[in-house]
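Undergrad: Next up is a structure, given as structure tokens.
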Amino acid sequence: MADAVIELAAHAEVEPATVARARFVRAQLAERRGQRDVAIAEARAALDLATSIHGDRIGEDVSAWLREHGAG
């Protein structure tokens with residue numbers, strides 16, 4: 001599902017918060033699969049998107065996740 005949202009974002013107007021959330025979900029899924037490097041890369045990509053979003057918690061959530069995993 002997250003992959004589909006990110007793919008749609010490349011071809012349509014999708015809110016940055018939606019894409020950031022999708023990338024964050026991919027980060028969490030990668031972590032569960034034991035793919036720490038992939039998880040951190042996805043979370044950082046989500047955080048990059050989230051920095052342009054005002055009034056949304058996604059940036060805070062991703063930052064907290066990165067800190068918990070020693071990458072933020």
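Residue numbering restarts at 1 in every chain; chains get A, B, ... in the order shown in the structure tokens, and ligands count up from 1 in that same order.
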Could you pull out the residues in chain A that DSSP calls alpha helix (DSSP H) from the backbone, as JSON, numbers by chain?
TA: {"A": [2, 3, 4, 5, 6, 7, 8, 9, 10, 11, 16, 17, 18, 19, 20, 21, 22, 23, 24, 25, 26, 27, 28, 29, 30, 31, 32, 36, 37, 38, 39, 40, 41, 42, 43, 44, 45, 46, 47, 48, 49, 50, 58, 59, 60, 61, 62, 63, 64, 65, 66, 67, 68]}
Undergrad: If we count only C-alpha atoms, what is near A:Leu66 at a cut-off of 12 Å, once residues fewer than 6 positions away on the same chain are taken out, given as a list of chain:residue names?
TA: A:Phe24, A:Ala27, A:Gln28, A:Glu31, A:Arg36, A:Asp37, A:Ala39, A:Ile40, A:Ala41, A:Glu42, A:Ala43, A:Arg44, A:Ala45, A:Ala46, A:Leu47, A:Gly59, A:Glu60, A:Gly72
Undergrad: Could you name the residues that touch A:Ile53 at 8 Å or less, counting only C-alpha atoms, but leaving out those on the same chain fewer than 4 positions away, as a list in words?
TA: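 Contacts, in chain order: Pro16, Ala17, Leu49 and Gly59 of chain A.
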Undergrad: Output the selection as an mmCIF file, in the first residue's frame - N, CA and C atoms for each residue.
TA:
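Dumped everything to out29.cif:
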data_model
loop_
_atom_site.group_PDB
_atom_site.id
_atom_site.type_symbol
_atom_site.label_atom_id
_atom_site.label_comp_id
_atom_site.auth_asym_id
_atom_site.auth_seq_id
_atom_site.Cartn_x
_atom_site.Cartn_y
_atom_site.Cartn_z
ATOM 1 N N PRO A 16 1.938 16.166 0.482
ATOM 2 C CA PRO A 16 3.227 15.718 1.018
ATOM 3 C C PRO A 16 3.086 14.904 2.304
ATOM 4 N N ALA A 17 2.121 15.236 3.138
ATOM 5 C CA ALA A 17 1.927 14.488 4.389
ATOM 6 C C ALA A 17 1.560 13.036 4.100
ATOM 7 N N LEU A 49 10.523 15.093 3.613
ATOM 8 C CA LEU A 49 9.220 15.573 3.144
ATOM 9 C C LEU A 49 8.482 16.321 4.243
ATOM 10 N N GLY A 59 6.241 14.782 11.046
ATOM 11 C CA GLY A 59 7.643 15.104 11.287
ATOM 12 C C GLY A 59 8.078 14.743 12.691
#
Undergrad: Given the choices A:Asp3, A:Glu13, A:Asp61, A:Asp48, which gets closest to A:Leu29 if the distance is worked out from only C-alpha atoms?
TA: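 Among the listed residues, A:Asp3 lies closest to A:Leu29.
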Undergrad: Atom CA of A:Arg57 and atom CA of A:Ala22, how far apart in Å?
TA: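 Interatomic distance here is 13.8 Å.
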Undergrad: Pick out the residues sitting within 9 Å of A:Arg21, and hand them over as number ranges by chain; count only C-alpha atoms, and ignore anything fewer than 5 positions along from it in its own chain.
TA: A: 2, 16, 26, 46, 50, 58, 62
Undergrad: Could those selected residues go to a file with N, CA and C atoms, as a PDB file, in the first residue's frame?
TA:
ATOM      1  N   ALA A   2       1.881   1.281   0.857  1.00  0.00           N
ATOM      2  CA  ALA A   2       2.759   2.450   0.915  1.00  0.00           C
ATOM      3  C   ALA A   2       3.447   2.663  -0.426  1.00  0.00           C
ATOM      4  N   PRO A  16       1.938  16.166   0.482  1.00  0.00           N
ATOM      5  CA  PRO A  16       3.227  15.718   1.018  1.00  0.00           C
ATOM      6  C   PRO A  16       3.086  14.904   2.304  1.00  0.00           C
ATOM      7  N   ARG A  26       6.671   2.382   5.216  1.00  0.00           N
ATOM      8  CA  ARG A  26       7.691   1.521   4.601  1.00  0.00           C
ATOM      9  C   ARG A  26       8.888   1.356   5.517  1.00  0.00           C
ATOM     10  N   ALA A  46      11.129  10.312   4.637  1.00  0.00           N
ATOM     11  CA  ALA A  46       9.859  10.808   5.179  1.00  0.00           C
ATOM     12  C   ALA A  46      10.081  12.108   5.933  1.00  0.00           C
ATOM     13  N   ALA A  50       8.565  15.803   5.442  1.00  0.00           N
ATOM     14  CA  ALA A  50       7.803  16.366   6.559  1.00  0.00           C
ATOM     15  C   ALA A  50       8.277  17.757   6.951  1.00  0.00           C
ATOM     16  N   ILE A  58       3.481  14.286  11.501  1.00  0.00           N
ATOM     17  CA  ILE A  58       4.330  13.267  10.894  1.00  0.00           C
ATOM     18  C   ILE A  58       5.814  13.540  11.125  1.00  0.00           C
ATOM     19  N   VAL A  62       8.246  10.838  12.978  1.00  0.00           N
ATOM     20  CA  VAL A  62       9.416  10.268  12.309  1.00  0.00           C
ATOM     21  C   VAL A  62      10.688  10.608  13.083  1.00  0.00           C
TER      22      VAL A  62
END
